[in-house]
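**Q** Got a structure here, written out as structure tokens. Questions coming.
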Amino acid sequence: MQRVKRIAVLLLVKVLLLCSMPTLAARVDSVRLWRAPDHTRLVFDLNGPVEHSVFPLKSPARLVVDIANTTNRTTLDSLDFSGTPIDQMRFGKHGNDLRVVLDLKSEVKPRTFVLVKHGDKKDRLVVDLYDAKTETVRTVEQVVEMVSGNRDIIVAIDAGHGGEDPGALGPKRIREKNIVYKISQQLQRMVDAEPGYKAYMVRDGDYYIPLRERRNKARKVRADIFVSIHADAFTNPKAKGASVYALSRRGATSETARFLASKENEADLIGGVGGVNLDEVDGALAGVLLDLSMTASLANSLDAGDKVLKEIGRMTRLHKRHVEQAFFTVLTSPDVPSILVETGFISNPEEAGKLNTFAHRKKIATAIFTGVKKYFHETPPAGSLVAWNKNGGSHNVVQHTIARGDTLTGLASRYNVSVTRIKAVNDLKDSSIKIGQIIKIPAS
């Protein structure tokens with residue numbers, strides 16, 4: 001009995017000692033800064049997980065970030081606050097906490113979150129400072145002008161990764177985010193130089209954009225196609241070749257459900273301007289309409305991807321000779337044909353070396369745009385200059401070559417006309433169509 005009591009006392013002493021020992025403090029090892037068009041991102045690299053709190057102060061305007069039980073081991077000498085809402089930044093102590101004070105030049109909307117250690121990336125505290133801005137409202141006349149007349153075909157170009165997300169890392173510290181941004185810039189110049197086309201850069205600098213926001217940015221400018229550019233990586237350095245991806249059908253189905261379950265859809269989600277507002281129809285009909293739009297978008301994505309892949313195959317090795325399908329979040333737009341181009345394996349020393357040259361990047365950009373132009377030559381958007389030229393200066397009829405996955409219902413949704421009108425113009429007795437068949441699409 002005495003022995004049991006002795007053991008109990010010893011255990012109690014150990015517990016009391018453990019409770020009285022100070023917990024190990026976390027440490028800020030570095031601070032990084034990026035400026036995006038609509039926000040500024042601060043990233044605090046840490047040696048362990050932390051808790052934090054944020055609150056604003058006025059007169060003068062400041063934002064205070066308290067990081068619990070943390071010390072600082074870095075300086076701010078390398079940070080450039082020009083072009084950001086931050087006037088200056090300083091560290092201080094608040095008990096055992098590290099206090100970060102941001103003196104602000106303009107109003108911001110802060111958003112903070114922590115990222116746990118993953119792979120070679122440390123624990124991080126991210127502070128996003130979104131610019132306070134007013135919403136731009138287009139008039140009816142401005143919107144009509146966008147979708148009528150001899151308008152440009154808008155090509156949304158998405159350079160993958162960016163900012164604190166470098167993407168894959170190749171030999172000699174070649175970063176994917178830099179390679180794909182340079183290819184995107186070359187593609188942008190080619191698109192803008194072509195009559196009837198206009199490029200929209202989803203990311204126009206070294207900063208990170210969340211995946212769904214990339215897709216949403218393309219939708220907001222009413223892009224006709226979305227092209228996301230990446231460079232692949234694999235554990236085996238011998239893996240090589242370029243690839244083109246479209247959304248998988250399973251991904252399309254799940255994204256349809258996501259759109260319907262959220263308030264993410266806008267009033268003109270289906271069919272662009274003058275389309276159907278999903279908030280004005282019952283759930284079952286909304287599901288049907290959105291599924292039709294997603295199906296048509298996927299079919300067009302596969303068609304465009306096939307043409308791009310064939311052009312890339314003329315100038316470099318292909319990893320697969322068909323358009324692959326996977327659930328990439330950036331490809332989940334229900335109304336914009338979307339493809340993802342893996343320009344090669346940056347983990348392969350030979351391909352990484354090529355990707356690091358201007359000449360090879362130009363060849364890739366040329367191949368991508370050639371494929372995009374071939375796709376739009378066959379299926380030009382109504383109201384575009386390309387459609388006008390193809391039809392001898394008339395928008396009354398658009399000729400469409402039936403591609404894999406095309407249906408009359410999908411074409412009717414895409415061109416904003418009824419199936420009945422398409423049948424009447426083409427003297428079709430039923431909805432049967434064949435790949436390679438050319439049919440006329442009447443103006444909506």
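Scheme for the structure tokens: letters A, B, ... for chains in order shown; per-chain residue numbers from 1; ligand numbers from 1 in order shown.
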List every residue of region 167-237 of chain A that DSSP, applied to the backbone of this structure, assigns to helix (DSSP H, G or I), and report them as a PyMOL selection string.
**A** chain A and resi 171-173+176-193+211-220
**Q** List as a VMD selection string the protein and nucleic acid residues near Asn426 (chain A), meaning an atom at most 12 Å away when only C-alpha atoms are counted, but skip any in the same chain fewer than 6 places from it.
**A** chain A and resid 397 to 400 408 419 to 420 432 to 433 437 to 442
**Q** Work out how far apart CA of Asp406 (chain A) and CA of Pro381 (chain A) are and give it in Å to one decimal.
**A**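 CA of Pro381 (chain A) lies at a distance of 15.2 Å from CA of Asp406 (chain A).
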**Q** Given the choices A:Arg214, A:Arg175, A:Arg189, A:His161, which gets closest to Thr332 (chain A) if the distance is worked out from only C-alpha atoms?
**A**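 Using only C-alpha atoms, the shortest distance to Thr332 (chain A) belongs to A:Arg214.
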**Q** CA of Lys172 (chain A) to CA of Lys240 (chain A): how many Å, to one decimal?
**A**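 Going from CA of Lys172 (chain A) over to CA of Lys240 (chain A) covers 17.7 Å.
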**Q** Counting only C-alpha atoms, which of A:Lys198, A:Asn150, A:Ala231, A:Thr379 gets nearest to Arg414 (chain A)?
**A** A:Thr379
**Q** Report as a PyMOL selection string all protein, DNA and RNA residues lying within 10 Å of Glu351 (chain A), evaluated on only C-alpha atoms, omitting residues in the same chain fewer than 4 positions from it.
**A** chain A and resi 170+231+237-242+316-317+343-347+355-356+360
**Q** Restricting it to C-alpha atoms, dump the selection as a compact mmCIF listing (two decimals), in the first residue's frame.
**A**
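Written file, part31.txt:
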```txt
# COMPACT_ATOMS: atom_id res chain seq x y z
CA GLY A 170 13.06 22.15 -61.68
CA ALA A 231 4.49 22.72 -66.29
CA PRO A 237 12.99 12.68 -63.79
CA LYS A 238 12.69 10.68 -67.02
CA ALA A 239 8.99 11.52 -67.40
CA LYS A 240 8.51 13.88 -70.33
CA GLY A 241 6.02 15.32 -72.78
CA ALA A 242 3.26 17.94 -72.96
CA THR A 316 7.38 18.85 -79.09
CA ARG A 317 6.90 15.39 -77.58
CA THR A 343 3.76 22.43 -71.34
CA GLY A 344 6.25 19.72 -70.33
CA PHE A 345 7.90 18.15 -67.31
CA ILE A 346 9.91 20.72 -65.40
CA SER A 347 11.25 17.81 -63.33
CA LEU A 355 11.28 25.57 -71.09
CA ASN A 356 13.89 27.97 -69.78
CA HIS A 360 10.91 27.01 -76.99
```
**Q** Excluding same-chain residues fewer than 3 positions from region 300-308 of chain A, what lies within 6 Å of it counting only C-alpha atoms, as a list in words?
**A**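 Near neighbours after the sequence-gap exclusion: Ser297, Glu311, Val323, Pro337, Ser338, Ile368, Gly371 and Tyr375 of chain A.
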**Q** Convert the current residue selection to file output with N, CA and C atoms, as a compact mmCIF listing (two decimals), in the first residue's frame.
**A**
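The new file out-v6.txt reads:
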```txt
# COMPACT_ATOMS: atom_id res chain seq x y z
N SER A 297 -20.32 22.95 -72.41
CA SER A 297 -19.00 23.53 -72.14
C SER A 297 -17.92 22.46 -72.17
N GLU A 311 -1.57 20.68 -82.30
CA GLU A 311 -0.58 21.70 -82.68
C GLU A 311 0.67 21.58 -81.82
N VAL A 323 -6.65 14.13 -75.40
CA VAL A 323 -6.95 15.06 -74.32
C VAL A 323 -7.36 14.26 -73.09
N PRO A 337 -15.68 27.26 -72.31
CA PRO A 337 -14.79 26.14 -72.63
C PRO A 337 -13.43 26.35 -71.97
N SER A 338 -12.96 25.35 -71.25
CA SER A 338 -11.75 25.51 -70.43
C SER A 338 -10.80 24.35 -70.61
N ILE A 368 -0.32 26.76 -79.02
CA ILE A 368 -1.57 26.93 -78.28
C ILE A 368 -2.52 27.85 -79.04
N GLY A 371 -4.00 26.33 -82.25
CA GLY A 371 -5.09 25.42 -81.94
C GLY A 371 -6.36 26.15 -81.56
N TYR A 375 -10.02 26.12 -83.57
CA TYR A 375 -11.29 25.82 -82.90
C TYR A 375 -12.33 26.91 -83.19
```
**Q** List the spatial neighbours of Tyr181 (chain A) as a PDB file with C-alpha atoms, in the first residue's frame - criterion: any atom at most 10 Å away, only C-alpha atoms, same-chain residues fewer than 6 positions off excluded.
**A**
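Generated file (result.pdb):
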```pdb
ATOM      1  CA  ILE A 157      -4.932  33.183 -70.149  1.00  0.00           C
ATOM      2  CA  ASP A 158      -4.231  31.750 -66.700  1.00  0.00           C
ATOM      3  CA  ALA A 159      -0.582  31.452 -65.675  1.00  0.00           C
ATOM      4  CA  GLY A 160      -0.579  28.802 -62.959  1.00  0.00           C
ATOM      5  CA  HIS A 161       0.617  29.289 -59.388  1.00  0.00           C
ATOM      6  CA  GLY A 162       2.262  32.610 -58.453  1.00  0.00           C
ATOM      7  CA  LEU A 187       0.643  34.036 -75.800  1.00  0.00           C
ATOM      8  CA  MET A 201      -4.456  37.830 -68.308  1.00  0.00           C
ATOM      9  CA  ARG A 203      -2.724  36.771 -63.351  1.00  0.00           C
ATOM     10  CA  ASP A 204      -0.649  39.716 -64.573  1.00  0.00           C
ATOM     11  CA  GLY A 205       2.078  39.614 -61.929  1.00  0.00           C
ATOM     12  CA  ASP A 206       3.788  37.443 -59.327  1.00  0.00           C
ATOM     13  CA  ILE A 229      -0.862  27.044 -68.452  1.00  0.00           C
ATOM     14  CA  HIS A 230       1.310  24.806 -66.245  1.00  0.00           C
TER      15      HIS A 230
END
```
**Q** May I have the residues within 9 Å of Leu211 (chain A) as a list in words, using only C-alpha atoms and disregarding those fewer than 5 positions away in the same chain?
**A** Asn216, Phe328, Thr329 and Val330 of chain A
